[in-house]
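J.: The structure file target15.pdb (PDB, C-alpha atoms (C1' of nucleotides)) is provided below.
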```pdb
ATOM      1  CA  MET O  30     -16.943   7.080  10.604
ATOM      2  CA  THR O  31     -19.581   4.394  10.902
ATOM      3  CA  ARG O  32     -19.211   0.667  10.358
ATOM      4  CA  GLN O  33     -20.997   0.938   7.051
ATOM      5  CA  GLN O  34     -18.706   3.746   5.905
ATOM      6  CA  VAL O  35     -15.644   1.702   6.785
ATOM      7  CA  ARG O  36     -17.027  -1.134   4.715
ATOM      8  CA  GLU O  37     -17.574   1.219   1.777
ATOM      9  CA  ALA O  38     -14.143   2.799   2.168
ATOM     10  CA  LEU O  39     -12.450  -0.601   2.110
ATOM     11  CA  ALA O  40     -14.392  -1.510  -1.017
ATOM     12  CA  VAL O  41     -13.119   1.649  -2.706
ATOM     13  CA  LEU O  42      -9.558   0.877  -1.610
ATOM     14  CA  GLN O  43      -9.976  -2.679  -2.854
ATOM     15  CA  SER O  44     -10.561  -1.280  -6.329
ATOM     16  CA  GLU O  45      -7.626   1.145  -6.055
ATOM     17  CA  VAL O  46      -5.062  -1.389  -4.884
ATOM     18  CA  PRO O  47      -4.462  -3.067  -8.270
ATOM     19  CA  HIS O  48      -2.735   0.030  -9.570
ATOM     20  CA  TRP O  49      -0.953   0.633  -6.299
ATOM     21  CA  ASP O  50       1.328  -1.993  -4.787
ATOM     22  CA  VAL O  51      -0.062  -4.728  -2.607
ATOM     23  CA  PRO O  52       2.082  -5.052   0.535
ATOM     24  CA  VAL O  53       4.766  -7.687  -0.095
ATOM     25  CA  ILE O  54       3.669 -10.022   2.664
ATOM     26  CA  THR O  55       0.082 -10.047   1.446
ATOM     27  CA  LEU O  56       1.356 -10.740  -2.052
ATOM     28  CA  MET O  57       3.479 -13.575  -0.715
ATOM     29  CA  ALA O  58       0.601 -15.096   1.187
ATOM     30  CA  GLN O  59      -1.477 -15.070  -1.993
ATOM     31  CA  GLU O  60       1.160 -17.115  -3.819
ATOM     32  CA  HIS O  61       1.507 -19.782  -1.158
ATOM     33  CA  ARG O  62      -0.112 -19.458   2.222
ATOM     34  CA  ASP O  63       2.928 -20.379   4.267
ATOM     35  CA  PRO O  64       3.001 -19.244   7.909
ATOM     36  CA  TYR O  65       6.770 -19.705   8.103
ATOM     37  CA  ARG O  66       7.407 -17.353   5.201
ATOM     38  CA  VAL O  67       4.970 -14.836   6.605
ATOM     39  CA  LEU O  68       6.670 -14.980  10.006
ATOM     40  CA  ILE O  69      10.196 -14.584   8.648
ATOM     41  CA  ALA O  70       9.266 -11.891   6.121
ATOM     42  CA  THR O  71       7.432  -9.945   8.817
ATOM     43  CA  LEU O  72      10.503 -10.163  11.024
ATOM     44  CA  LEU O  73      12.588  -8.698   8.205
ATOM     45  CA  SER O  74      10.042  -5.958   7.583
ATOM     46  CA  LEU O  75      10.145  -4.583  11.108
ATOM     47  CA  ARG O  76      11.152  -0.952  11.155
ATOM     48  CA  THR O  77      11.853  -0.935   7.453
ATOM     49  CA  GLN O  78       9.829   0.062   4.431
ATOM     50  CA  ASP O  79       7.738  -2.408   2.486
ATOM     51  CA  GLN O  80       9.586  -2.048  -0.834
ATOM     52  CA  THR O  81      12.990  -2.881   0.635
ATOM     53  CA  THR O  82      11.619  -5.944   2.425
ATOM     54  CA  GLY O  83      10.438  -7.655  -0.768
ATOM     55  CA  PRO O  84      13.745  -8.313  -2.569
ATOM     56  CA  ALA O  85      15.487  -9.216   0.697
ATOM     57  CA  ALA O  86      12.843 -11.802   1.557
ATOM     58  CA  GLN O  87      13.013 -13.232  -1.967
ATOM     59  CA  ARG O  88      16.790 -13.650  -1.694
ATOM     60  CA  LEU O  89      16.503 -15.360   1.674
ATOM     61  CA  PHE O  90      13.698 -17.731   0.652
ATOM     62  CA  ALA O  91      15.664 -18.704  -2.445
ATOM     63  CA  LEU O  92      18.255 -20.066   0.000
ATOM     64  CA  ALA O  93      15.867 -21.542   2.564
ATOM     65  CA  ASP O  94      12.121 -21.517   3.159
ATOM     66  CA  THR O  95      11.727 -23.989   6.036
ATOM     67  CA  PRO O  96      13.152 -24.000   9.579
ATOM     68  CA  GLU O  97      15.245 -27.070   8.758
ATOM     69  CA  ALA O  98      16.809 -25.492   5.686
ATOM     70  CA  MET O  99      17.281 -22.157   7.448
ATOM     71  CA  LEU O 100      19.286 -23.771  10.254
ATOM     72  CA  LYS O 101      21.731 -25.157   7.713
ATOM     73  CA  LEU O 102      22.644 -21.598   6.697
ATOM     74  CA  ASP O 103      25.521 -19.696   8.198
ATOM     75  CA  GLN O 104      24.392 -16.512   9.983
ATOM     76  CA  LYS O 105      26.673 -14.496   7.698
ATOM     77  CA  THR O 106      24.889 -15.905   4.659
ATOM     78  CA  ILE O 107      21.562 -14.784   6.052
ATOM     79  CA  GLU O 108      22.982 -11.356   6.873
ATOM     80  CA  ARG O 109      24.232 -10.945   3.325
ATOM     81  CA  ALA O 110      20.875 -11.959   1.832
ATOM     82  CA  ILE O 111      18.832  -9.564   3.944
ATOM     83  CA  TYR O 112      21.369  -6.751   4.243
ATOM     84  CA  PRO O 113      19.326  -3.753   2.957
ATOM     85  CA  VAL O 114      16.528  -4.178   5.497
ATOM     86  CA  GLY O 115      18.669  -2.775   8.284
ATOM     87  CA  PHE O 116      19.232  -4.338  11.713
ATOM     88  CA  TYR O 117      20.530  -7.252   9.678
ATOM     89  CA  ARG O 118      22.618  -8.750  12.484
ATOM     90  CA  THR O 119      19.775  -8.793  14.996
ATOM     91  CA  LYS O 120      17.326 -10.015  12.398
ATOM     92  CA  ALA O 121      19.569 -12.819  11.146
ATOM     93  CA  GLU O 122      20.041 -13.947  14.740
ATOM     94  CA  GLN O 123      16.296 -13.889  15.343
ATOM     95  CA  VAL O 124      15.623 -15.869  12.176
ATOM     96  CA  LEU O 125      17.944 -18.588  13.433
ATOM     97  CA  THR O 126      16.841 -18.712  17.077
ATOM     98  CA  ILE O 127      13.176 -18.686  16.097
ATOM     99  CA  SER O 128      13.718 -21.429  13.522
ATOM    100  CA  GLN O 129      15.537 -23.494  16.134
ATOM    101  CA  ARG O 130      12.707 -23.137  18.636
ATOM    102  CA  LEU O 131      10.096 -23.951  15.991
ATOM    103  CA  LEU O 132      11.941 -27.152  15.318
ATOM    104  CA  ASP O 133      12.578 -28.023  18.977
ATOM    105  CA  GLU O 134       9.190 -27.246  20.461
ATOM    106  CA  PHE O 135       6.665 -27.131  17.637
ATOM    107  CA  ASP O 136       7.750 -29.861  15.266
ATOM    108  CA  GLY O 137       8.810 -27.229  12.749
ATOM    109  CA  GLN O 138       5.303 -25.734  12.568
ATOM    110  CA  VAL O 139       4.489 -22.075  13.226
ATOM    111  CA  PRO O 140       2.036 -21.809  16.165
ATOM    112  CA  ASP O 141      -1.337 -20.200  15.438
ATOM    113  CA  ASP O 142      -1.829 -18.809  18.941
ATOM    114  CA  ILE O 143      -1.078 -15.168  19.612
ATOM    115  CA  ASP O 144       0.263 -15.723  23.115
ATOM    116  CA  VAL O 145       2.599 -18.471  21.977
ATOM    117  CA  LEU O 146       3.756 -16.363  19.035
ATOM    118  CA  THR O 147       4.503 -13.307  21.156
ATOM    119  CA  SER O 148       6.523 -15.469  23.544
ATOM    120  CA  PHE O 149       9.153 -15.678  20.802
ATOM    121  CA  HIS O 150      11.927 -13.154  21.134
ATOM    122  CA  GLY O 151      11.449 -10.515  18.453
ATOM    123  CA  VAL O 152       7.783 -11.278  17.845
ATOM    124  CA  GLY O 153       5.332  -8.657  19.086
ATOM    125  CA  ARG O 154       1.613  -8.157  18.476
ATOM    126  CA  LYS O 155       2.044  -6.684  15.014
ATOM    127  CA  THR O 156       4.042  -9.667  13.794
ATOM    128  CA  ALA O 157       1.869 -12.229  15.565
ATOM    129  CA  ASN O 158      -1.387 -10.816  14.213
ATOM    130  CA  LEU O 159       0.000 -10.677  10.691
ATOM    131  CA  VAL O 160       1.043 -14.323  10.924
ATOM    132  CA  LEU O 161      -2.488 -15.256  11.973
ATOM    133  CA  ALA O 162      -4.146 -13.131   9.298
ATOM    134  CA  GLU O 163      -1.875 -13.718   6.309
ATOM    135  CA  GLY O 164      -0.348 -17.026   7.311
ATOM    136  CA  TYR O 165      -3.445 -18.808   8.599
ATOM    137  CA  ASN O 166      -6.355 -16.736   7.289
ATOM    138  CA  ILE O 167      -7.541 -16.402  10.890
ATOM    139  CA  PRO O 168      -9.385 -13.134  11.656
ATOM    140  CA  ALA O 169      -6.800 -10.926  13.379
ATOM    141  CA  ILE O 170      -6.196  -7.177  13.371
ATOM    142  CA  CYS O 171      -2.625  -6.270  12.584
ATOM    143  CA  VAL O 172      -1.959  -2.743  13.786
ATOM    144  CA  ASP O 173       1.148  -1.162  12.304
ATOM    145  CA  THR O 174       1.853   2.559  12.052
ATOM    146  CA  HIS O 175      -0.278   2.891   8.914
ATOM    147  CA  VAL O 176      -3.309   1.305  10.541
ATOM    148  CA  HIS O 177      -2.803   3.347  13.689
ATOM    149  CA  ARG O 178      -2.320   6.642  11.858
ATOM    150  CA  ILE O 179      -5.089   6.286   9.291
ATOM    151  CA  SER O 180      -7.705   4.888  11.673
ATOM    152  CA  ASN O 181      -7.168   7.995  13.783
ATOM    153  CA  ARG O 182      -7.131  10.382  10.827
ATOM    154  CA  TRP O 183     -10.420   8.928   9.694
ATOM    155  CA  GLY O 184     -11.784   9.497  13.177
ATOM    156  CA  TYR O 185     -12.799   5.841  13.322
ATOM    157  CA  VAL O 186     -10.891   5.463  16.588
ATOM    158  CA  LYS O 187      -9.281   7.943  18.955
ATOM    159  CA  THR O 188      -6.295   6.155  20.385
ATOM    160  CA  LYS O 189      -2.767   7.054  21.302
ATOM    161  CA  ASP O 190      -0.912   3.787  20.927
ATOM    162  CA  PRO O 191      -1.111   0.719  18.679
ATOM    163  CA  LEU O 192      -2.399  -1.600  21.409
ATOM    164  CA  ALA O 193      -5.285   0.747  22.193
ATOM    165  CA  THR O 194      -6.025   0.909  18.476
ATOM    166  CA  GLU O 195      -6.127  -2.866  18.233
ATOM    167  CA  MET O 196      -8.526  -3.124  21.156
ATOM    168  CA  ALA O 197     -10.773  -0.348  19.813
ATOM    169  CA  LEU O 198     -10.860  -1.916  16.341
ATOM    170  CA  ARG O 199     -11.619  -5.290  17.871
ATOM    171  CA  LYS O 200     -14.878  -3.776  19.121
ATOM    172  CA  LYS O 201     -15.739  -1.542  16.159
ATOM    173  CA  LEU O 202     -14.455  -3.284  13.046
ATOM    174  CA  PRO O 203     -16.756  -5.986  11.592
ATOM    175  CA  ARG O 204     -14.998  -9.336  11.889
ATOM    176  CA  ASP O 205     -15.105 -10.119   8.188
ATOM    177  CA  LEU O 206     -12.927  -7.047   7.561
ATOM    178  CA  TRP O 207     -10.214  -7.847  10.108
ATOM    179  CA  ILE O 208      -7.851  -9.545   7.677
ATOM    180  CA  THR O 209      -8.124  -7.097   4.776
ATOM    181  CA  TYR O 210      -8.067  -3.952   6.914
ATOM    182  CA  ASN O 211      -4.283  -3.993   7.287
ATOM    183  CA  PRO O 212      -3.217  -4.472   3.639
ATOM    184  CA  MET O 213      -5.741  -1.920   2.389
ATOM    185  CA  LEU O 214      -4.580   0.728   4.864
ATOM    186  CA  VAL O 215      -0.920  -0.042   4.280
ATOM    187  CA  ALA O 216      -1.410   0.483   0.546
ATOM    188  CA  LEU O 217      -3.274   3.733   1.199
ATOM    189  CA  GLY O 218      -0.622   4.840   3.668
ATOM    190  CA  GLN O 219       2.248   4.215   1.284
ATOM    191  CA  HIS O 220       0.735   5.891  -1.746
ATOM    192  CA  CYS O 221      -1.442   8.615  -0.396
ATOM    193  CA  CYS O 222      -2.140   8.951   3.316
ATOM    194  CA  LYS O 223       1.510   9.494   4.198
ATOM    195  CA  PRO O 224       2.718  10.263   7.728
ATOM    196  CA  THR O 225       3.807  13.782   6.754
ATOM    197  CA  SER O 226       2.164  15.657   3.886
ATOM    198  CA  PRO O 227      -0.769  13.359   3.083
ATOM    199  CA  MET O 228      -2.092  13.839  -0.465
ATOM    200  CA  CYS O 229      -5.710  14.378   0.533
ATOM    201  CA  SER O 230      -6.729  15.979  -2.775
ATOM    202  CA  GLN O 231      -6.006  12.700  -4.562
ATOM    203  CA  CYS O 232      -7.333  10.410  -1.855
ATOM    204  CA  PRO O 233     -10.021   7.995  -3.084
ATOM    205  CA  VAL O 234     -11.589   7.800   0.371
ATOM    206  CA  ALA O 235     -11.326  11.462   1.341
ATOM    207  CA  SER O 236     -15.103  11.760   1.529
ATOM    208  CA  PHE O 237     -15.101   9.357   4.476
ATOM    209  CA  CYS O 238     -12.343  11.170   6.344
ATOM    210  CA  LYS O 239     -12.866  13.690   9.110
ATOM    211  CA  ARG O 240      -9.694  15.548   8.128
ATOM    212  CA  VAL O 241     -10.893  16.766   4.760
ATOM    213  CA  GLY O 242     -12.267  20.287   4.902
ATOM    214  CA  VAL O 243     -11.176  20.595   8.505
ATOM    215  CA  GLN O 244      -7.810  22.039   9.498
ATOM    216  CA  ARG O 245      -5.944  19.738  11.778
ATOM    217  CA  SER O 246      -2.416  19.676  13.056
ATOM    218  CA  ARG O 247      -1.855  16.132  11.902
TER     219      ARG O 247
ATOM    220  C1'  DA L  23      23.332  17.393   4.723
ATOM    221  C1'  DA L  24      19.589  16.220   7.215
ATOM    222  C1'  DA L  25      15.289  14.382   8.350
ATOM    223  C1'  DA L  26      11.691  10.818   7.598
ATOM    224  C1'  DC L  27      10.703   6.223   7.808
ATOM    225  C1'  DG L  28       8.751   2.005  11.169
ATOM    226  C1'  DG L  29       8.382  -2.683  15.993
ATOM    227  C1'  DG L  30      10.121  -4.626  19.709
ATOM    228  C1'  DG L  31      12.625  -5.240  23.930
ATOM    229  C1'  DG L  32      15.201  -3.729  28.003
ATOM    230  C1'  DC L  33      15.023  -0.922  31.629
TER     231       DC L  33
ATOM    232  C1'  DG P  29       7.430   6.041  29.550
ATOM    233  C1'  DC P  30      12.137   6.499  27.558
ATOM    234  C1'  DC P  31      15.777   4.775  25.138
ATOM    235  C1'  DC P  32      18.147   2.002  21.851
ATOM    236  C1'  DC P  33      18.752  -0.686  17.651
ATOM    237  C1'  DA P  34      20.682   0.295  10.944
ATOM    238  C1'  DG P  35      19.909   1.190   6.636
ATOM    239  C1'  DT P  36      17.115   3.289   2.468
ATOM    240  C1'  DT P  37      14.443   7.044   0.726
ATOM    241  C1'  DT P  38      12.891  11.709   0.537
ATOM    242  C1'  DT P  39      13.502  16.651   1.175
TER     243       DT P  39
END
```
Translate this file's structure into structure tokens.
T.:
Amino acid sequence: MTRQQVREALAVLQSEVPHWDVPVITLMAQEHRDPYRVLIATLLSLRTQDQTTGPAAQRLFALADTPEAMLKLDQKTIERAIYPVGFYRTKAEQVLTISQRLLDEFDGQVPDDIDVLTSFHGVGRKTANLVLAEGYNIPAICVDTHVHRISNRWGYVKTKDPLATEMALRKKLPRDLWITYNPMLVALGQHCCKPTSPMCSQCPVASFCKRVGVQRSR
DNA sequence: AAAACGGGGGC
DNA sequence: GCCCCAGTTTT
């Protein structure tokens, strides 16, 4: 897959996405570009599916959408609001400790530096890059399992872990596509290019993919 | 009933 | 590099 083909593939996906679902965090960022909401929603979304994150995040933000307001909530209240996302105890704790540190050290603002972000407990590269991209509109490549899986299926990169994928994409992916790459691939991954049993016959970008017409184990 | 799903940290 | 963490959705 060449740079130009990736550009074309993303354009095709761009036109498909309206009748798929836009990932909830991207949708949220379109409504109000708020790094705090992006950070908290991403925290909730870790190791859970996109559709279950949405309602949970809505319930929580109805109660509090700033660090100050969040710290006024009882941990139990947060747990109840986010319950279906799983790991609700850990996640509620993280929401509170992160909010506290934002207030103590950053004047309530979410940092826009990847190293500072990943120094927070519970924030890894995926979360940090998504905060930069969706929260601040700063070019950043957020590599989740969809991005990792599909980039490799396409043959655009040949990497075995998400960090390697991020580094490879950093070299190969044109900078103006860094922000949109994640939401487009997430949408494709959820509706079509699934981890097991991908629906290649209905895939709008199959013509770009090295898998089509070639038998592969995965 | 069982397997798939999807990041981060501790060790 | 291996293990753990919890709940929803799909098979």
J.: Where does stretch 97-189 of chain O meet chain P within 10 Å, residue by residue, with the nearest atom pair and distance in Å to one decimal for each, counting all atoms listed in the file, listed by chain and rising number, as a tab-separated table?
T.:
```
residue	atom	partner	partner_atom	distance
O:Tyr112	CA	P:DG35	C1'	8.4
O:Pro113	CA	P:DG35	C1'	6.2
O:Val114	CA	P:DG35	C1'	6.4
O:Gly115	CA	P:DG35	C1'	4.5
O:Phe116	CA	P:DA34	C1'	4.9
O:Tyr117	CA	P:DA34	C1'	7.7
O:Arg118	CA	P:DA34	C1'	9.4
O:Thr119	CA	P:DC33	C1'	8.6
```
J.: Each residue of chain L lying at most 7 Å from chain O should get a row with its shortest atom-to-atom pair and the distance in Å to one decimal, counting all atoms listed in the file; could you produce that, ordered by chain and increasing number, as a Markdown table?
T.:
```
| residue | atom | partner | partner_atom | distance |
| --- | --- | --- | --- | --- |
| L:DG28 | C1' | O:Arg76 | CA | 3.8 |
| L:DG29 | C1' | O:Leu75 | CA | 5.5 |
| L:DG30 | C1' | O:Gly151 | CA | 6.2 |
```
J.: Using 5 Å of padding on each side, determine the axis-aligned box around all atoms of stretch 195-207 of chain O present in the file and give its centre and edge lengths in Å to one decimal, as lines of an AutoDock Vina configuration file.
T.:
```
center_x = -11.4
center_y = -5.2
center_z = 14.4
size_x = 20.6
size_y = 19.8
size_z = 23.6
```
J.: Pull out every residue that the PyMOL selection byres ((chain O and resi 138) around 12) matches in the shown coordinates and put them as number ranges by chain.
T.: O: 63-66, 68, 95-97, 127-137, 139-142, 146, 164-165
J.: Apply the PyMOL selection byres ((chain O and resi 233) around 10) to the structure shown and report the selected residues as a list of chain:residue names.
T.: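 Checked against the file, the PyMOL selection byres ((chain O and resi 233) around 10) matches O:Ala38, O:Val41, O:Leu42, O:Ser44, O:Glu45, O:Leu217, O:Cys221, O:Cys229, O:Ser230, O:Gln231, O:Cys232, O:Val234, O:Ala235, O:Ser236, O:Phe237.
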J.: Record the distance separating atom CA of O:Leu89 and atom CA of O:Arg62, expressed in Å with one decimal.
T.: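 Answer for the atom CA of O:Leu89 to atom CA of O:Arg62 separation: 17.1 Å.
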J.: What separation in Å, quoted to one decimal, exists between atom CA of O:Lys239 and atom CA of O:Gly184?
T.: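 Pair atom CA of O:Lys239 / atom CA of O:Gly184 returns 5.9 Å.
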J.: One decimal, in Å: what's the spacing between atom CA of O:Arg204 and atom CA of O:Glu60?
T.: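 Distance reported for this atom pair: 23.8 Å.
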J.: Which residues, written as a PyMOL selection string, have at least one atom at most 12 Å from O:Leu56, with all atoms listed in the file counted and residues fewer than 5 positions away on the same chain left out?
T.: chain O and resi 46-47+50-51+61-63+66-67+70+79+83+87+163-164+212+216
J.: Which is closest to chain P among O:Tyr185, O:Gln80, O:Gln123, O:Gln43, if we use all atoms listed in the file?
T.: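 Comparing O:Tyr185, O:Gln80, O:Gln123, O:Gln43 against chain P, the winner is O:Gln80.
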J.: Could you expand the PyMOL selection byres ((chain O and resi 194) around 12) into the explicit residues it covers here, written as a PyMOL selection string?
T.: chain O and resi 154-155+170-181+184-193+195-202
J.: Atoms to include: C-alpha atoms. Write the selected residues as a JSON list (two decimals), in the coordinates of the input.
T.:
```
[["chain", "number", "residue", "atom", "x", "y", "z"],
["O", 154, "ARG", "CA", 1.61, -8.16, 18.48],
["O", 155, "LYS", "CA", 2.04, -6.68, 15.01],
["O", 170, "ILE", "CA", -6.20, -7.18, 13.37],
["O", 171, "CYS", "CA", -2.62, -6.27, 12.58],
["O", 172, "VAL", "CA", -1.96, -2.74, 13.79],
["O", 173, "ASP", "CA", 1.15, -1.16, 12.30],
["O", 174, "THR", "CA", 1.85, 2.56, 12.05],
["O", 175, "HIS", "CA", -0.28, 2.89, 8.91],
["O", 176, "VAL", "CA", -3.31, 1.30, 10.54],
["O", 177, "HIS", "CA", -2.80, 3.35, 13.69],
["O", 178, "ARG", "CA", -2.32, 6.64, 11.86],
["O", 179, "ILE", "CA", -5.09, 6.29, 9.29],
["O", 180, "SER", "CA", -7.70, 4.89, 11.67],
["O", 181, "ASN", "CA", -7.17, 8.00, 13.78],
["O", 184, "GLY", "CA", -11.78, 9.50, 13.18],
["O", 185, "TYR", "CA", -12.80, 5.84, 13.32],
["O", 186, "VAL", "CA", -10.89, 5.46, 16.59],
["O", 187, "LYS", "CA", -9.28, 7.94, 18.95],
["O", 188, "THR", "CA", -6.30, 6.16, 20.39],
["O", 189, "LYS", "CA", -2.77, 7.05, 21.30],
["O", 190, "ASP", "CA", -0.91, 3.79, 20.93],
["O", 191, "PRO", "CA", -1.11, 0.72, 18.68],
["O", 192, "LEU", "CA", -2.40, -1.60, 21.41],
["O", 193, "ALA", "CA", -5.28, 0.75, 22.19],
["O", 195, "GLU", "CA", -6.13, -2.87, 18.23],
["O", 196, "MET", "CA", -8.53, -3.12, 21.16],
["O", 197, "ALA", "CA", -10.77, -0.35, 19.81],
["O", 198, "LEU", "CA", -10.86, -1.92, 16.34],
["O", 199, "ARG", "CA", -11.62, -5.29, 17.87],
["O", 200, "LYS", "CA", -14.88, -3.78, 19.12],
["O", 201, "LYS", "CA", -15.74, -1.54, 16.16],
["O", 202, "LEU", "CA", -14.46, -3.28, 13.05]]
```
J.: I need chain L from the structure I supplied, saved as a CSV table (one decimal), in the first residue's frame with N, CA, C and O atoms (P, O5', C5', C4', C3', O3' and C1' of nucleotides) retained.
T.:
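Everything below was put into result.csv:
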```csv
chain,number,residue,atom,x,y,z
L,23,DA,P,-25.6,-22.9,31.3
L,23,DA,O5',-24.7,-23.2,30.0
L,23,DA,C5',-24.0,-24.5,29.8
L,23,DA,C4',-22.8,-24.2,29.0
L,23,DA,C3',-21.6,-23.6,29.6
L,23,DA,O3',-20.4,-24.3,29.1
L,23,DA,C1',-22.2,-22.2,27.8
L,24,DA,P,-19.0,-24.1,29.6
L,24,DA,O5',-18.4,-23.3,28.4
L,24,DA,C5',-18.6,-23.7,27.1
L,24,DA,C4',-18.1,-22.7,26.1
L,24,DA,C3',-16.8,-22.0,26.6
L,24,DA,O3',-16.0,-21.8,25.4
L,24,DA,C1',-18.4,-20.4,26.0
L,25,DA,P,-14.4,-21.9,25.5
L,25,DA,O5',-14.0,-20.9,24.3
L,25,DA,C5',-14.8,-20.9,23.1
L,25,DA,C4',-14.9,-19.4,22.6
L,25,DA,C3',-13.7,-18.6,22.7
L,25,DA,O3',-13.4,-18.0,21.4
L,25,DA,C1',-15.5,-17.4,23.5
L,26,DA,P,-12.2,-17.2,21.1
L,26,DA,O5',-12.7,-15.8,20.7
L,26,DA,C5',-13.9,-15.7,19.9
L,26,DA,C4',-14.3,-14.2,19.8
L,26,DA,C3',-13.2,-13.2,19.8
L,26,DA,O3',-13.5,-12.2,18.9
L,26,DA,C1',-14.6,-12.7,21.6
L,27,DC,P,-12.5,-11.2,18.3
L,27,DC,O5',-12.7,-9.9,19.3
L,27,DC,C5',-14.0,-9.2,19.2
L,27,DC,C4',-14.0,-8.3,20.4
L,27,DC,C3',-12.8,-7.5,20.7
L,27,DC,O3',-13.1,-6.1,20.3
L,27,DC,C1',-13.8,-8.2,22.7
L,28,DG,P,-12.0,-5.2,19.7
L,28,DG,O5',-11.5,-4.6,21.0
L,28,DG,C5',-12.2,-3.5,21.7
L,28,DG,C4',-11.3,-3.0,22.8
L,28,DG,C3',-9.9,-2.6,22.4
L,28,DG,O3',-9.5,-1.5,23.1
L,28,DG,C1',-9.8,-4.3,23.9
L,29,DG,P,-8.4,-0.6,22.7
L,29,DG,O5',-7.7,-0.3,24.1
L,29,DG,C5',-6.3,-0.3,24.2
L,29,DG,C4',-6.1,0.5,25.5
L,29,DG,C3',-4.6,0.9,25.6
L,29,DG,O3',-4.7,2.1,26.4
L,29,DG,C1',-5.0,-0.8,27.2
L,30,DG,P,-3.4,2.8,26.7
L,30,DG,O5',-2.9,2.3,28.1
L,30,DG,C5',-3.8,2.4,29.2
L,30,DG,C4',-3.2,1.7,30.4
L,30,DG,C3',-1.7,1.9,30.6
L,30,DG,O3',-1.6,2.6,31.9
L,30,DG,C1',-2.3,-0.4,30.8
L,31,DG,P,-0.2,3.0,32.4
L,31,DG,O5',0.0,1.9,33.5
L,31,DG,C5',-0.9,1.6,34.5
L,31,DG,C4',-0.5,0.4,35.3
L,31,DG,C3',0.9,0.5,35.8
L,31,DG,O3',0.9,0.0,37.2
L,31,DG,C1',0.6,-1.5,34.7
L,32,DG,P,2.1,0.4,38.1
L,32,DG,O5',2.3,-1.1,38.8
L,32,DG,C5',1.3,-2.0,39.0
L,32,DG,C4',1.8,-3.4,39.2
L,32,DG,C3',3.2,-3.4,39.8
L,32,DG,O3',3.3,-4.4,40.8
L,32,DG,C1',3.2,-4.6,37.7
L,33,DC,P,4.6,-4.4,41.7
L,33,DC,O5',5.4,-5.6,41.1
L,33,DC,C5',4.8,-6.9,40.9
L,33,DC,C4',5.6,-7.7,39.9
L,33,DC,C3',7.1,-7.6,40.0
L,33,DC,O3',7.6,-8.5,41.0
L,33,DC,C1',6.4,-7.8,37.8
```
